[in-house]
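Chemist: My structure is in coords-v9.cif, and what it holds is mmCIF, C-alpha atoms and all ligand atoms:
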data_final
loop_
_atom_site.group_PDB
_atom_site.id
_atom_site.type_symbol
_atom_site.label_atom_id
_atom_site.label_comp_id
_atom_site.auth_asym_id
_atom_site.auth_seq_id
_atom_site.Cartn_x
_atom_site.Cartn_y
_atom_site.Cartn_z
ATOM 1 C CA MET A 1 -38.523 -157.403 -151.669
ATOM 2 C CA ASN A 2 -39.177 -157.489 -155.391
ATOM 3 C CA ARG A 3 -42.126 -156.132 -157.304
ATOM 4 C CA GLU A 4 -44.101 -159.383 -157.057
ATOM 5 C CA SER A 5 -43.925 -159.183 -153.261
ATOM 6 C CA PHE A 6 -46.283 -156.213 -153.092
ATOM 7 C CA PRO A 7 -49.979 -156.797 -153.740
ATOM 8 C CA SER A 8 -51.127 -154.714 -156.709
ATOM 9 C CA GLU A 9 -54.006 -153.343 -154.610
ATOM 10 C CA LEU A 10 -51.483 -151.988 -152.116
ATOM 11 C CA ILE A 11 -49.458 -150.270 -154.851
ATOM 12 C CA LYS A 12 -52.638 -148.829 -156.356
ATOM 13 C CA ALA A 13 -53.785 -147.517 -152.972
ATOM 14 C CA VAL A 14 -50.485 -145.741 -152.285
ATOM 15 C CA ARG A 15 -50.365 -144.276 -155.799
ATOM 16 C CA SER A 16 -53.880 -142.920 -155.649
ATOM 17 C CA ALA A 17 -54.092 -141.723 -152.028
ATOM 18 C CA GLU A 18 -54.657 -138.003 -151.692
ATOM 19 C CA ARG A 19 -53.233 -138.090 -148.193
ATOM 20 C CA VAL A 20 -50.590 -140.414 -146.811
ATOM 21 C CA ALA A 21 -49.462 -140.549 -143.179
ATOM 22 C CA VAL A 22 -46.497 -142.487 -141.838
ATOM 23 C CA LEU A 23 -45.739 -143.268 -138.194
ATOM 24 C CA THR A 24 -42.185 -144.357 -137.383
ATOM 25 C CA GLY A 25 -40.511 -145.691 -134.250
ATOM 26 C CA ALA A 26 -37.123 -146.854 -133.028
ATOM 27 C CA GLY A 27 -37.068 -149.769 -135.517
ATOM 28 C CA VAL A 28 -36.567 -147.433 -138.484
ATOM 29 C CA SER A 29 -33.281 -146.222 -136.976
ATOM 30 C CA ALA A 30 -32.101 -149.689 -135.903
ATOM 31 C CA GLU A 31 -30.254 -150.267 -139.192
ATOM 32 C CA SER A 32 -28.361 -146.991 -138.657
ATOM 33 C CA GLY A 33 -27.051 -148.404 -135.397
ATOM 34 C CA VAL A 34 -28.976 -146.038 -133.127
ATOM 35 C CA PRO A 35 -29.421 -147.936 -129.905
ATOM 36 C CA THR A 36 -33.001 -147.832 -128.600
ATOM 37 C CA PHE A 37 -33.646 -146.046 -125.386
ATOM 38 C CA ARG A 38 -33.155 -149.080 -123.213
ATOM 39 C CA GLU A 39 -30.273 -150.573 -125.201
ATOM 40 C CA ALA A 40 -28.422 -147.273 -125.041
ATOM 41 C CA GLN A 41 -26.775 -147.821 -121.690
ATOM 42 C CA THR A 42 -23.123 -148.750 -122.018
ATOM 43 C CA GLY A 43 -19.858 -147.941 -120.283
ATOM 44 C CA LEU A 44 -20.100 -145.175 -117.755
ATOM 45 C CA TRP A 45 -23.893 -145.034 -117.927
ATOM 46 C CA LEU A 46 -24.564 -148.743 -117.400
ATOM 47 C CA LYS A 47 -25.487 -148.304 -113.757
ATOM 48 C CA TYR A 48 -28.255 -145.782 -114.464
ATOM 49 C CA LYS A 49 -31.754 -146.619 -115.623
ATOM 50 C CA PRO A 50 -32.995 -144.360 -118.458
ATOM 51 C CA GLU A 51 -36.302 -144.007 -116.617
ATOM 52 C CA GLU A 52 -34.335 -142.440 -113.769
ATOM 53 C CA LEU A 53 -32.468 -139.974 -116.003
ATOM 54 C CA ALA A 54 -35.214 -138.904 -118.425
ATOM 55 C CA THR A 55 -37.421 -136.994 -115.998
ATOM 56 C CA ALA A 56 -37.696 -133.401 -114.848
ATOM 57 C CA GLU A 57 -37.150 -134.580 -111.250
ATOM 58 C CA ALA A 58 -33.832 -136.200 -112.199
ATOM 59 C CA PHE A 59 -32.748 -133.036 -113.995
ATOM 60 C CA LEU A 60 -33.564 -130.840 -110.999
ATOM 61 C CA ARG A 61 -31.812 -133.257 -108.651
ATOM 62 C CA ASP A 62 -28.658 -133.553 -110.749
ATOM 63 C CA PRO A 63 -28.743 -131.257 -113.807
ATOM 64 C CA LEU A 64 -25.113 -131.859 -114.718
ATOM 65 C CA MET A 65 -25.490 -135.626 -114.854
ATOM 66 C CA VAL A 66 -28.663 -135.525 -116.974
ATOM 67 C CA TRP A 67 -27.135 -132.903 -119.298
ATOM 68 C CA GLU A 68 -23.999 -135.058 -119.746
ATOM 69 C CA TRP A 69 -26.099 -138.168 -120.463
ATOM 70 C CA TYR A 70 -27.899 -136.349 -123.258
ATOM 71 C CA ALA A 71 -24.635 -134.869 -124.565
ATOM 72 C CA TRP A 72 -23.305 -138.415 -124.812
ATOM 73 C CA ARG A 73 -26.444 -139.701 -126.570
ATOM 74 C CA ARG A 74 -26.403 -136.675 -128.918
ATOM 75 C CA GLY A 75 -22.821 -137.555 -129.851
ATOM 76 C CA ARG A 76 -23.844 -141.124 -130.681
ATOM 77 C CA VAL A 77 -26.702 -139.918 -132.897
ATOM 78 C CA GLU A 78 -24.396 -137.501 -134.731
ATOM 79 C CA ASP A 79 -21.972 -140.336 -135.472
ATOM 80 C CA VAL A 80 -24.535 -142.398 -137.431
ATOM 81 C CA GLN A 81 -26.108 -141.942 -140.861
ATOM 82 C CA PRO A 82 -29.663 -142.286 -142.196
ATOM 83 C CA ASN A 83 -30.237 -145.787 -143.611
ATOM 84 C CA PRO A 84 -32.106 -146.922 -146.771
ATOM 85 C CA GLY A 85 -35.399 -146.944 -144.811
ATOM 86 C CA HIS A 86 -35.087 -143.228 -143.960
ATOM 87 C CA VAL A 87 -34.030 -142.459 -147.533
ATOM 88 C CA ALA A 88 -36.971 -144.412 -148.996
ATOM 89 C CA LEU A 89 -39.439 -142.449 -146.850
ATOM 90 C CA ALA A 90 -37.925 -139.150 -148.030
ATOM 91 C CA GLN A 91 -38.199 -140.376 -151.641
ATOM 92 C CA LEU A 92 -41.795 -141.478 -151.120
ATOM 93 C CA GLU A 93 -42.661 -138.005 -149.821
ATOM 94 C CA LYS A 94 -41.002 -136.385 -152.830
ATOM 95 C CA ILE A 95 -42.709 -138.659 -155.370
ATOM 96 C CA LEU A 96 -46.168 -138.361 -153.832
ATOM 97 C CA THR A 97 -46.055 -134.603 -153.188
ATOM 98 C CA GLU A 98 -44.860 -133.993 -156.764
ATOM 99 C CA ARG A 99 -47.971 -135.869 -157.876
ATOM 100 C CA GLY A 100 -50.108 -133.584 -155.702
ATOM 101 C CA SER A 101 -50.635 -135.758 -152.617
ATOM 102 C CA ASN A 102 -50.290 -134.619 -149.043
ATOM 103 C CA PHE A 103 -47.640 -136.500 -147.040
ATOM 104 C CA THR A 104 -47.023 -136.364 -143.283
ATOM 105 C CA LEU A 105 -44.298 -138.272 -141.480
ATOM 106 C CA ILE A 106 -44.973 -138.647 -137.752
ATOM 107 C CA THR A 107 -42.031 -139.935 -135.752
ATOM 108 C CA GLN A 108 -41.486 -141.018 -132.168
ATOM 109 C CA ASN A 109 -37.726 -140.877 -132.723
ATOM 110 C CA VAL A 110 -35.660 -138.017 -131.348
ATOM 111 C CA ASP A 111 -32.596 -138.646 -133.543
ATOM 112 C CA GLY A 112 -33.420 -136.281 -136.440
ATOM 113 C CA LEU A 113 -32.413 -138.918 -139.016
ATOM 114 C CA HIS A 114 -35.576 -138.452 -141.098
ATOM 115 C CA GLN A 115 -34.734 -134.791 -141.695
ATOM 116 C CA ARG A 116 -31.110 -135.667 -142.440
ATOM 117 C CA ALA A 117 -32.378 -138.141 -145.072
ATOM 118 C CA GLY A 118 -34.428 -135.379 -146.730
ATOM 119 C CA SER A 119 -37.914 -135.769 -145.225
ATOM 120 C CA ARG A 120 -39.652 -132.384 -145.068
ATOM 121 C CA ASN A 121 -43.064 -132.610 -143.467
ATOM 122 C CA VAL A 122 -41.943 -134.260 -140.224
ATOM 123 C CA VAL A 123 -43.956 -134.216 -137.001
ATOM 124 C CA GLU A 124 -41.789 -134.985 -133.987
ATOM 125 C CA LEU A 125 -43.972 -136.428 -131.239
ATOM 126 C CA HIS A 126 -41.189 -136.870 -128.688
ATOM 127 C CA GLY A 127 -38.982 -133.904 -129.570
ATOM 128 C CA ASN A 128 -35.439 -133.888 -130.905
ATOM 129 C CA ILE A 129 -32.272 -134.705 -128.996
ATOM 130 C CA ARG A 130 -30.248 -132.256 -131.106
ATOM 131 C CA ARG A 131 -32.358 -129.301 -129.916
ATOM 132 C CA VAL A 132 -32.357 -127.652 -126.500
ATOM 133 C CA LYS A 133 -34.862 -125.416 -124.760
ATOM 134 C CA CYS A 134 -35.148 -123.236 -121.679
ATOM 135 C CA PHE A 135 -36.142 -125.313 -118.641
ATOM 136 C CA ASP A 136 -38.347 -122.533 -117.263
ATOM 137 C CA GLU A 137 -39.994 -121.078 -120.354
ATOM 138 C CA GLY A 138 -39.734 -123.892 -122.892
ATOM 139 C CA ILE A 139 -38.334 -121.561 -125.578
ATOM 140 C CA VAL A 140 -36.099 -123.352 -128.088
ATOM 141 C CA VAL A 141 -32.527 -122.019 -128.102
ATOM 142 C CA ASN A 142 -30.449 -122.564 -131.235
ATOM 143 C CA THR A 143 -26.945 -121.929 -129.989
ATOM 144 C CA TRP A 144 -25.369 -122.382 -126.610
ATOM 145 C CA ASP A 145 -21.948 -122.225 -125.063
ATOM 146 C CA ASP A 146 -20.730 -125.813 -124.638
ATOM 147 C CA ASP A 147 -17.482 -124.766 -122.983
ATOM 148 C CA GLY A 148 -18.921 -122.693 -120.166
ATOM 149 C CA GLU A 149 -21.310 -123.537 -117.370
ATOM 150 C CA ARG A 150 -23.052 -126.922 -117.492
ATOM 151 C CA PRO A 151 -25.904 -127.162 -118.126
ATOM 152 C CA PRO A 152 -25.591 -124.006 -120.208
ATOM 153 C CA ARG A 153 -27.946 -121.138 -119.401
ATOM 154 C CA CYS A 154 -30.768 -119.625 -121.395
ATOM 155 C CA PRO A 155 -29.495 -116.445 -123.098
ATOM 156 C CA HIS A 156 -32.865 -114.749 -122.420
ATOM 157 C CA CYS A 157 -33.656 -115.511 -118.778
ATOM 158 C CA GLY A 158 -30.629 -117.308 -117.330
ATOM 159 C CA ALA A 159 -32.515 -120.529 -116.483
ATOM 160 C CA MET A 160 -30.922 -123.893 -117.224
ATOM 161 C CA LEU A 161 -31.134 -125.315 -120.741
ATOM 162 C CA ARG A 162 -32.462 -128.860 -121.185
ATOM 163 C CA PRO A 163 -32.878 -131.200 -124.163
ATOM 164 C CA ASP A 164 -36.058 -130.603 -126.181
ATOM 165 C CA VAL A 165 -37.359 -134.139 -125.724
ATOM 166 C CA VAL A 166 -40.433 -135.489 -123.981
ATOM 167 C CA TRP A 167 -39.475 -136.830 -120.571
ATOM 168 C CA PHE A 168 -41.401 -139.426 -118.590
ATOM 169 C CA GLY A 169 -44.390 -137.793 -116.971
ATOM 170 C CA GLU A 170 -44.491 -134.946 -119.506
ATOM 171 C CA ASN A 171 -47.139 -134.200 -122.097
ATOM 172 C CA LEU A 172 -46.427 -134.484 -125.797
ATOM 173 C CA PRO A 173 -46.062 -131.158 -127.643
ATOM 174 C CA ILE A 174 -49.649 -130.142 -128.377
ATOM 175 C CA HIS A 175 -49.097 -128.845 -131.938
ATOM 176 C CA ALA A 176 -47.299 -132.024 -132.942
ATOM 177 C CA LEU A 177 -50.032 -134.155 -131.416
ATOM 178 C CA GLN A 178 -52.781 -132.207 -133.184
ATOM 179 C CA LYS A 179 -50.999 -132.489 -136.530
ATOM 180 C CA ALA A 180 -50.515 -136.229 -135.978
ATOM 181 C CA TYR A 181 -54.181 -136.832 -135.135
ATOM 182 C CA GLN A 182 -55.298 -134.770 -138.089
ATOM 183 C CA ALA A 183 -52.993 -136.642 -140.473
ATOM 184 C CA ALA A 184 -54.206 -140.022 -139.160
ATOM 185 C CA GLU A 185 -57.852 -138.991 -139.383
ATOM 186 C CA LEU A 186 -57.714 -137.631 -142.922
ATOM 187 C CA CYS A 187 -55.334 -140.032 -144.667
ATOM 188 C CA GLY A 188 -56.301 -142.702 -147.181
ATOM 189 C CA VAL A 189 -53.138 -144.717 -146.522
ATOM 190 C CA PHE A 190 -51.342 -145.005 -143.172
ATOM 191 C CA PHE A 191 -47.938 -146.679 -142.720
ATOM 192 C CA SER A 192 -46.767 -147.903 -139.306
ATOM 193 C CA VAL A 193 -43.028 -148.529 -139.550
ATOM 194 C CA GLY A 194 -40.652 -149.934 -136.917
ATOM 195 C CA THR A 195 -42.790 -149.245 -133.895
ATOM 196 C CA SER A 196 -43.915 -151.709 -131.262
ATOM 197 C CA GLY A 197 -47.237 -149.938 -130.919
ATOM 198 C CA LEU A 198 -47.030 -150.167 -127.162
ATOM 199 C CA VAL A 199 -46.518 -146.514 -126.266
ATOM 200 C CA GLN A 200 -49.498 -144.171 -126.220
ATOM 201 C CA PRO A 201 -50.718 -141.917 -127.677
ATOM 202 C CA ALA A 202 -48.703 -142.808 -130.829
ATOM 203 C CA ALA A 203 -50.094 -146.354 -130.763
ATOM 204 C CA SER A 204 -53.653 -145.042 -131.201
ATOM 205 C CA LEU A 205 -52.847 -143.324 -134.523
ATOM 206 C CA PRO A 206 -53.098 -146.410 -136.783
ATOM 207 C CA MET A 207 -56.319 -147.368 -134.972
ATOM 208 C CA LEU A 208 -57.730 -143.942 -135.716
ATOM 209 C CA ALA A 209 -56.776 -144.325 -139.378
ATOM 210 C CA LEU A 210 -58.423 -147.771 -139.525
ATOM 211 C CA ALA A 211 -61.604 -146.380 -137.965
ATOM 212 C CA GLN A 212 -61.712 -143.816 -140.804
ATOM 213 C CA GLN A 213 -61.460 -146.636 -143.390
ATOM 214 C CA ALA A 214 -57.825 -145.898 -144.300
ATOM 215 C CA ILE A 215 -55.608 -148.658 -145.647
ATOM 216 C CA VAL A 216 -53.059 -149.434 -142.933
ATOM 217 C CA ILE A 217 -49.701 -150.917 -143.930
ATOM 218 C CA GLU A 218 -47.338 -152.180 -141.248
ATOM 219 C CA VAL A 219 -43.600 -152.649 -141.856
ATOM 220 C CA ASN A 220 -41.922 -154.597 -139.057
ATOM 221 C CA PRO A 221 -39.912 -157.834 -138.842
ATOM 222 C CA GLN A 222 -41.917 -158.797 -135.745
ATOM 223 C CA GLU A 223 -45.608 -159.064 -135.014
ATOM 224 C CA THR A 224 -47.091 -156.236 -132.979
ATOM 225 C CA PRO A 225 -50.532 -155.583 -131.486
ATOM 226 C CA LEU A 226 -51.369 -153.855 -134.805
ATOM 227 C CA THR A 227 -50.426 -156.752 -137.113
ATOM 228 C CA SER A 228 -53.729 -158.621 -137.020
ATOM 229 C CA SER A 229 -55.807 -155.518 -137.789
ATOM 230 C CA ALA A 230 -53.470 -153.974 -140.405
ATOM 231 C CA THR A 231 -54.729 -154.138 -143.992
ATOM 232 C CA TYR A 232 -51.247 -155.299 -145.059
ATOM 233 C CA ALA A 233 -48.406 -156.493 -142.799
ATOM 234 C CA LEU A 234 -45.058 -156.393 -144.607
ATOM 235 C CA MET A 235 -42.844 -158.521 -142.382
ATOM 236 C CA GLY A 236 -39.295 -157.297 -142.812
ATOM 237 C CA LYS A 237 -36.779 -154.598 -142.038
ATOM 238 C CA SER A 238 -37.722 -151.083 -143.079
ATOM 239 C CA GLY A 239 -34.342 -150.628 -144.800
ATOM 240 C CA GLU A 240 -35.163 -153.572 -147.064
ATOM 241 C CA VAL A 241 -38.945 -153.367 -147.517
ATOM 242 C CA LEU A 242 -39.349 -149.622 -148.103
ATOM 243 C CA PRO A 243 -36.794 -149.152 -150.939
ATOM 244 C CA GLY A 244 -38.503 -152.028 -152.764
ATOM 245 C CA LEU A 245 -41.891 -150.432 -152.342
ATOM 246 C CA VAL A 246 -40.723 -146.980 -153.444
ATOM 247 C CA ALA A 247 -39.273 -148.533 -156.596
ATOM 248 C CA VAL A 248 -42.750 -149.604 -157.734
ATOM 249 C CA ILE A 249 -44.756 -146.524 -156.706
HETATM 250 P P1 LIG A 301 -39.710 -149.955 -129.545
HETATM 251 O O1 LIG A 301 -38.266 -150.164 -129.144
HETATM 252 O O2 LIG A 301 -40.769 -150.180 -128.523
HETATM 253 O O3 LIG A 301 -40.060 -150.905 -130.797
HETATM 254 C C1 LIG A 301 -39.211 -151.003 -131.909
HETATM 255 C C2 LIG A 301 -39.930 -151.814 -132.986
HETATM 256 O O4 LIG A 301 -39.114 -151.808 -134.131
HETATM 257 C C3 LIG A 301 -40.208 -153.272 -132.622
HETATM 258 O O5 LIG A 301 -41.547 -153.591 -132.940
HETATM 259 C C4 LIG A 301 -39.231 -154.058 -133.536
HETATM 260 O O6 LIG A 301 -39.764 -155.303 -133.961
HETATM 261 C C5 LIG A 301 -39.125 -153.094 -134.716
HETATM 262 N N1 LIG A 301 -37.885 -153.225 -135.491
HETATM 263 C C6 LIG A 301 -36.649 -153.616 -135.101
HETATM 264 N N2 LIG A 301 -35.772 -153.557 -136.123
HETATM 265 C C7 LIG A 301 -36.460 -153.103 -137.201
HETATM 266 C C8 LIG A 301 -36.117 -152.820 -138.551
HETATM 267 N N3 LIG A 301 -34.860 -152.976 -139.020
HETATM 268 N N4 LIG A 301 -37.086 -152.357 -139.376
HETATM 269 C C9 LIG A 301 -38.352 -152.193 -138.930
HETATM 270 N N5 LIG A 301 -38.734 -152.439 -137.664
HETATM 271 C C10 LIG A 301 -37.809 -152.890 -136.803
HETATM 272 O O7 LIG A 301 -39.741 -148.502 -130.156
HETATM 273 P P2 LIG A 301 -40.927 -147.467 -130.329
HETATM 274 O O8 LIG A 301 -42.162 -148.162 -130.778
HETATM 275 O O9 LIG A 301 -40.391 -146.362 -131.134
HETATM 276 O O10 LIG A 301 -40.549 -142.790 -125.897
HETATM 277 O O11 LIG A 301 -41.114 -146.957 -128.843
HETATM 278 C C11 LIG A 301 -41.918 -145.849 -128.625
HETATM 279 C C12 LIG A 301 -41.382 -144.961 -127.518
HETATM 280 O O12 LIG A 301 -41.070 -145.720 -126.343
HETATM 281 C C13 LIG A 301 -40.080 -144.243 -127.780
HETATM 282 O O13 LIG A 301 -40.223 -143.119 -128.605
HETATM 283 C C14 LIG A 301 -39.661 -143.839 -126.382
HETATM 284 C C15 LIG A 301 -39.911 -145.154 -125.671
HETATM 285 O O14 LIG A 301 -40.151 -145.075 -124.331
HETATM 286 C C16 LIG A 301 -40.038 -141.716 -125.251
HETATM 287 O O15 LIG A 301 -38.855 -141.570 -125.061
HETATM 288 C C17 LIG A 301 -41.051 -140.699 -124.836
#
Reformat the file's structure so that it appears as C-alpha cells.

Modeler:
Amino acid sequence: MNRESFPSELIKAVRSAERVAVLTGAGVSAESGVPTFREAQTGLWLKYKPEELATAEAFLRDPLMVWEWYAWRRGRVEDVQPNPGHVALAQLEKILTERGSNFTLITQNVDGLHQRAGSRNVVELHGNIRRVKCFDEGIVVNTWDDDGERPPRCPHCGAMLRPDVVWFGENLPIHALQKAYQAAELCGVFFSVGTSGLVQPAASLPMLALAQQAIVIEVNPQETPLTSSATYALMGKSGEVLPGLVAVI
C-alpha cells in the first residue's frame, strides 16, 4: 500500500493517540509460514485432532505423546522468522513510544515471533509454546533436561512439566487478560490484525475499544465479524499493509 491508500484521518489518529492497542492473531504469522493450529497436523500427527491433544485430560492420559507433539510444534516455530508484519509492529511501538505514547501489543499467538521481531510490551493471552511450566504448581521453569525423562520434571517439586499455553477448557492467564482489557478500554486507537474474531474473550476487545469511542482499524485480507463496525478496514496481508502504514506515521 502506498501513502495515498491510507486516509489522512487515520494517519492523524495514529500519530496523535496517547494510547494505542494492537490485537494480533494467527494471520500475522501466516506469512512466516507458521501453520495455524488446525493446519498444523502433518506426517506422524495427521491422525490426531488438535482438540484432542491440547487439553489437560489428554496430557494426563498420555503425557509423553502430548509433550512430543508440542516439542514438534516448538521445533517448527523455531525454524521460521518474523515477517514484515511483525517487524512493522515493533517499529510502530518504537516510533510511538519515543513520541511519548503508550503502546500495548496483545497477541493470541503462542509462537513468540513478536518478541523476536523486537516488540517489547507484549501481552500473551494464550501463553507461549517456547516456555514450559510445572503441571502441578504452574511455576514457569526456564531450563529443563531434554535428554532425560519425558516429559521432564519440575526441578522444584518433581511434577511433570507442560507447555505454558492455554489448553481447551482452561482459563486465560488473569494478569494478561486484565492488561488486555485495560489497554482496550483506555486506548484511542485499536488495531485488530490477522484475527478471525471468533474466539472469545479476545474477540470482545475491539468491541470494548469501540464502545469507548476508540478508532478501530482492522487489517485482514478477509472480512470478519468486526469488519462492518471497524472505523477503517484495511483489506490486505499484514506483511504488506503494516510496513506501508508505518512508513507514513
Ligand atoms: P484464525 O485462524 O481463526 O484466523 C486467522 C485470521 O487471519 C483470518 O481472519 C484470516 O483471514 C487472517 N489472515 C490470513 N492471512 C493473513 C495475513 N497474511 N495477514 C493478515 N491476516 C491474515 O486465528 P485466530 O483469530 O488467531 O486459541 O484464532 C484465535 C485462537 O483460536 C487461537 O489463538 C487458538 C485458536 O483456537 C488457542 O489455542 C487457545

Chemist: Restricting the calculation to all atoms listed in the file: of A:Lys94, A:Pro163, A:Ala203, A:Ser119, which residue gets closest to A:Phe135?

Modeler: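 Comparing A:Lys94, A:Pro163, A:Ala203, A:Ser119 against A:Phe135, the winner is A:Pro163.
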
Chemist: Hey, which of A:Ala90, A:Ala233, A:Ala214, A:Ala71 ends up closest to A:His114? Count only C-alpha atoms.

Modeler: A:Ala90

Chemist: Can you sort out the box for ligand LIG 301 (chain A), edges along x, y and z, all listed atoms in, 3 Å on every side, with centre and edge lengths in Å to one decimal, as lines of an AutoDock Vina configuration file?

Modeler:
center_x = -38.5
center_y = -148.0
center_z = -131.9
size_x = 13.3
size_y = 20.6
size_z = 21.0

Chemist: Could you give me, as JSON lines, every chain A residue with an atom at most 6 Å from ligand LIG 301 (chain A), plus its closest atom pair and distance in Å to one decimal, counting all atoms listed in the file, rows ordered by chain then number?

Modeler:
{"residue": "A:Gly25", "atom": "CA", "partner": "A:LIG301", "partner_atom": "O9", "distance": 3.2}
{"residue": "A:Ala26", "atom": "CA", "partner": "A:LIG301", "partner_atom": "O9", "distance": 3.8}
{"residue": "A:Gly27", "atom": "CA", "partner": "A:LIG301", "partner_atom": "O4", "distance": 3.2}
{"residue": "A:Val28", "atom": "CA", "partner": "A:LIG301", "partner_atom": "N4", "distance": 5.0}
{"residue": "A:Ala30", "atom": "CA", "partner": "A:LIG301", "partner_atom": "N3", "distance": 5.3}
{"residue": "A:Glu31", "atom": "CA", "partner": "A:LIG301", "partner_atom": "N3", "distance": 5.3}
{"residue": "A:Thr36", "atom": "CA", "partner": "A:LIG301", "partner_atom": "O1", "distance": 5.8}
{"residue": "A:Gln108", "atom": "CA", "partner": "A:LIG301", "partner_atom": "O13", "distance": 4.3}
{"residue": "A:Asn109", "atom": "CA", "partner": "A:LIG301", "partner_atom": "O13", "distance": 5.3}
{"residue": "A:His126", "atom": "CA", "partner": "A:LIG301", "partner_atom": "C17", "distance": 5.4}
{"residue": "A:Val166", "atom": "CA", "partner": "A:LIG301", "partner_atom": "C17", "distance": 5.3}
{"residue": "A:Trp167", "atom": "CA", "partner": "A:LIG301", "partner_atom": "C17", "distance": 6.0}
{"residue": "A:Val193", "atom": "CA", "partner": "A:LIG301", "partner_atom": "C9", "distance": 6.0}
{"residue": "A:Gly194", "atom": "CA", "partner": "A:LIG301", "partner_atom": "N5", "distance": 3.2}
{"residue": "A:Thr195", "atom": "CA", "partner": "A:LIG301", "partner_atom": "O8", "distance": 3.4}
{"residue": "A:Ser196", "atom": "CA", "partner": "A:LIG301", "partner_atom": "O5", "distance": 3.5}
{"residue": "A:Gly197", "atom": "CA", "partner": "A:LIG301", "partner_atom": "O8", "distance": 5.4}
{"residue": "A:Val199", "atom": "CA", "partner": "A:LIG301", "partner_atom": "C11", "distance": 5.2}
{"residue": "A:Asn220", "atom": "CA", "partner": "A:LIG301", "partner_atom": "N5", "distance": 4.1}
{"residue": "A:Pro221", "atom": "CA", "partner": "A:LIG301", "partner_atom": "O6", "distance": 5.5}
{"residue": "A:Gln222", "atom": "CA", "partner": "A:LIG301", "partner_atom": "O6", "distance": 4.5}
{"residue": "A:Lys237", "atom": "CA", "partner": "A:LIG301", "partner_atom": "N4", "distance": 3.5}
{"residue": "A:Ser238", "atom": "CA", "partner": "A:LIG301", "partner_atom": "N4", "distance": 4.0}

Chemist: How many Å separate atom CA of A:Leu113 from atom CA of A:Val80?

Modeler: 8.8 Å

Chemist: Output the residue selection produced by the PyMOL selection byres (((chain A and resi 208) around 12) and not hetatm) on the file above, formatted as a ChimeraX atom specification.

Modeler: /A:21,180-190,201-207,209-216,226,229-230

Chemist: Kindly export the residues of the current selection with C-alpha atoms, as a compact mmCIF listing (two decimals), in the coordinates of the input.

Modeler:
# COMPACT_ATOMS: atom_id res chain seq x y z
CA ALA A 21 -49.46 -140.55 -143.18
CA ALA A 180 -50.52 -136.23 -135.98
CA TYR A 181 -54.18 -136.83 -135.14
CA GLN A 182 -55.30 -134.77 -138.09
CA ALA A 183 -52.99 -136.64 -140.47
CA ALA A 184 -54.21 -140.02 -139.16
CA GLU A 185 -57.85 -138.99 -139.38
CA LEU A 186 -57.71 -137.63 -142.92
CA CYS A 187 -55.33 -140.03 -144.67
CA GLY A 188 -56.30 -142.70 -147.18
CA VAL A 189 -53.14 -144.72 -146.52
CA PHE A 190 -51.34 -145.00 -143.17
CA PRO A 201 -50.72 -141.92 -127.68
CA ALA A 202 -48.70 -142.81 -130.83
CA ALA A 203 -50.09 -146.35 -130.76
CA SER A 204 -53.65 -145.04 -131.20
CA LEU A 205 -52.85 -143.32 -134.52
CA PRO A 206 -53.10 -146.41 -136.78
CA MET A 207 -56.32 -147.37 -134.97
CA ALA A 209 -56.78 -144.32 -139.38
CA LEU A 210 -58.42 -147.77 -139.52
CA ALA A 211 -61.60 -146.38 -137.96
CA GLN A 212 -61.71 -143.82 -140.80
CA GLN A 213 -61.46 -146.64 -143.39
CA ALA A 214 -57.82 -145.90 -144.30
CA ILE A 215 -55.61 -148.66 -145.65
CA VAL A 216 -53.06 -149.43 -142.93
CA LEU A 226 -51.37 -153.85 -134.80
CA SER A 229 -55.81 -155.52 -137.79
CA ALA A 230 -53.47 -153.97 -140.40

Chemist: Spell out the residues picked by the PyMOL selection byres (((chain A and resi 151) around 8) and not hetatm) here, as a PyMOL selection string.

Modeler: chain A and resi 63-64+67+149-150+152-153+160-162

Chemist: Can you write out the residues you just picked, keeping C-alpha atoms, as a PDB file, keeping the file's coordinate frame?

Modeler:
ATOM      1  CA  PRO A  63     -28.743-131.257-113.807  1.00  0.00           C
ATOM      2  CA  LEU A  64     -25.113-131.859-114.718  1.00  0.00           C
ATOM      3  CA  TRP A  67     -27.135-132.903-119.298  1.00  0.00           C
ATOM      4  CA  GLU A 149     -21.310-123.537-117.370  1.00  0.00           C
ATOM      5  CA  ARG A 150     -23.052-126.922-117.492  1.00  0.00           C
ATOM      6  CA  PRO A 152     -25.591-124.006-120.208  1.00  0.00           C
ATOM      7  CA  ARG A 153     -27.946-121.138-119.401  1.00  0.00           C
ATOM      8  CA  MET A 160     -30.922-123.893-117.224  1.00  0.00           C
ATOM      9  CA  LEU A 161     -31.134-125.315-120.741  1.00  0.00           C
ATOM     10  CA  ARG A 162     -32.462-128.860-121.185  1.00  0.00           C
TER      11      ARG A 162
END

Chemist: Could you please determine the separation between atom CA of A:Leu105 and atom CA of A:Gly75 in Å, to one decimal place?

Modeler: 24.4 Å

Chemist: Between A:Glu52, A:Glu124, A:Glu218, A:Asp136, which has the minimum distance to A:Thr104 (counting all atoms listed in the file)?

Modeler: A:Glu124

Chemist: Go ahead and compute the interatomic distance for atom CA of A:Lys179 and atom CA of A:Glu51, in Å to one decimal.

Modeler: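 Those two atoms sit 27.3 Å apart.
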
Chemist: Could you state which residues are captured by the PyMOL selection byres (((chain A and resi 96) around 10) and not hetatm) in this file, as a list in words?

Modeler: Val14, Arg15, Ser16, Ala17, Glu18, Arg19, Val20, Gln91, Leu92, Glu93, Lys94, Ile95, Thr97, Glu98, Arg99, Gly100, Ser101, Asn102, Phe103 and Ile249 of chain A

Chemist: List as a PyMOL selection string the protein and nucleic acid residues near A:Val140, meaning an atom at most 8 Å away when all atoms listed in the file are counted, but skip any in the same chain fewer than 6 places from it.

Modeler: chain A and resi 131-134+164

Chemist: Counting all atoms listed in the file, what is within 7 Å of A:Leu125, bar same-chain residues fewer than 5 positions away, as a ChimeraX atom specification?

Modeler: /A:106-108,172-173,176-177

Chemist: Name the residues in contact with A:Gly169 at a cut-off of 12 Å, using only C-alpha atoms, excluding same-chain residues fewer than 4 positions from it; report them as a PyMOL selection string.

Modeler: chain A and resi 51-52+54-58+165

Chemist: What are the nearest atom pairs, with distances in Å to one decimal, for all residues of stretch 110-147 of chain A that come at most 12 Å from stretch 82-89 of chain A, using all atoms listed in the file, set out by chain and rising residue number as a Markdown table?

Modeler:
| residue | atom | partner | partner_atom | distance |
| --- | --- | --- | --- | --- |
| A:Asp111 | CA | A:Pro82 | CA | 9.8 |
| A:Gly112 | CA | A:Pro82 | CA | 9.1 |
| A:Leu113 | CA | A:Pro82 | CA | 5.4 |
| A:His114 | CA | A:His86 | CA | 5.6 |
| A:Gln115 | CA | A:His86 | CA | 8.7 |
| A:Arg116 | CA | A:Pro82 | CA | 6.8 |
| A:Ala117 | CA | A:Val87 | CA | 5.2 |
| A:Gly118 | CA | A:Val87 | CA | 7.1 |
| A:Ser119 | CA | A:Leu89 | CA | 7.0 |
| A:Arg120 | CA | A:Leu89 | CA | 10.2 |
| A:Asn121 | CA | A:Leu89 | CA | 11.0 |
| A:Val122 | CA | A:Leu89 | CA | 10.8 |
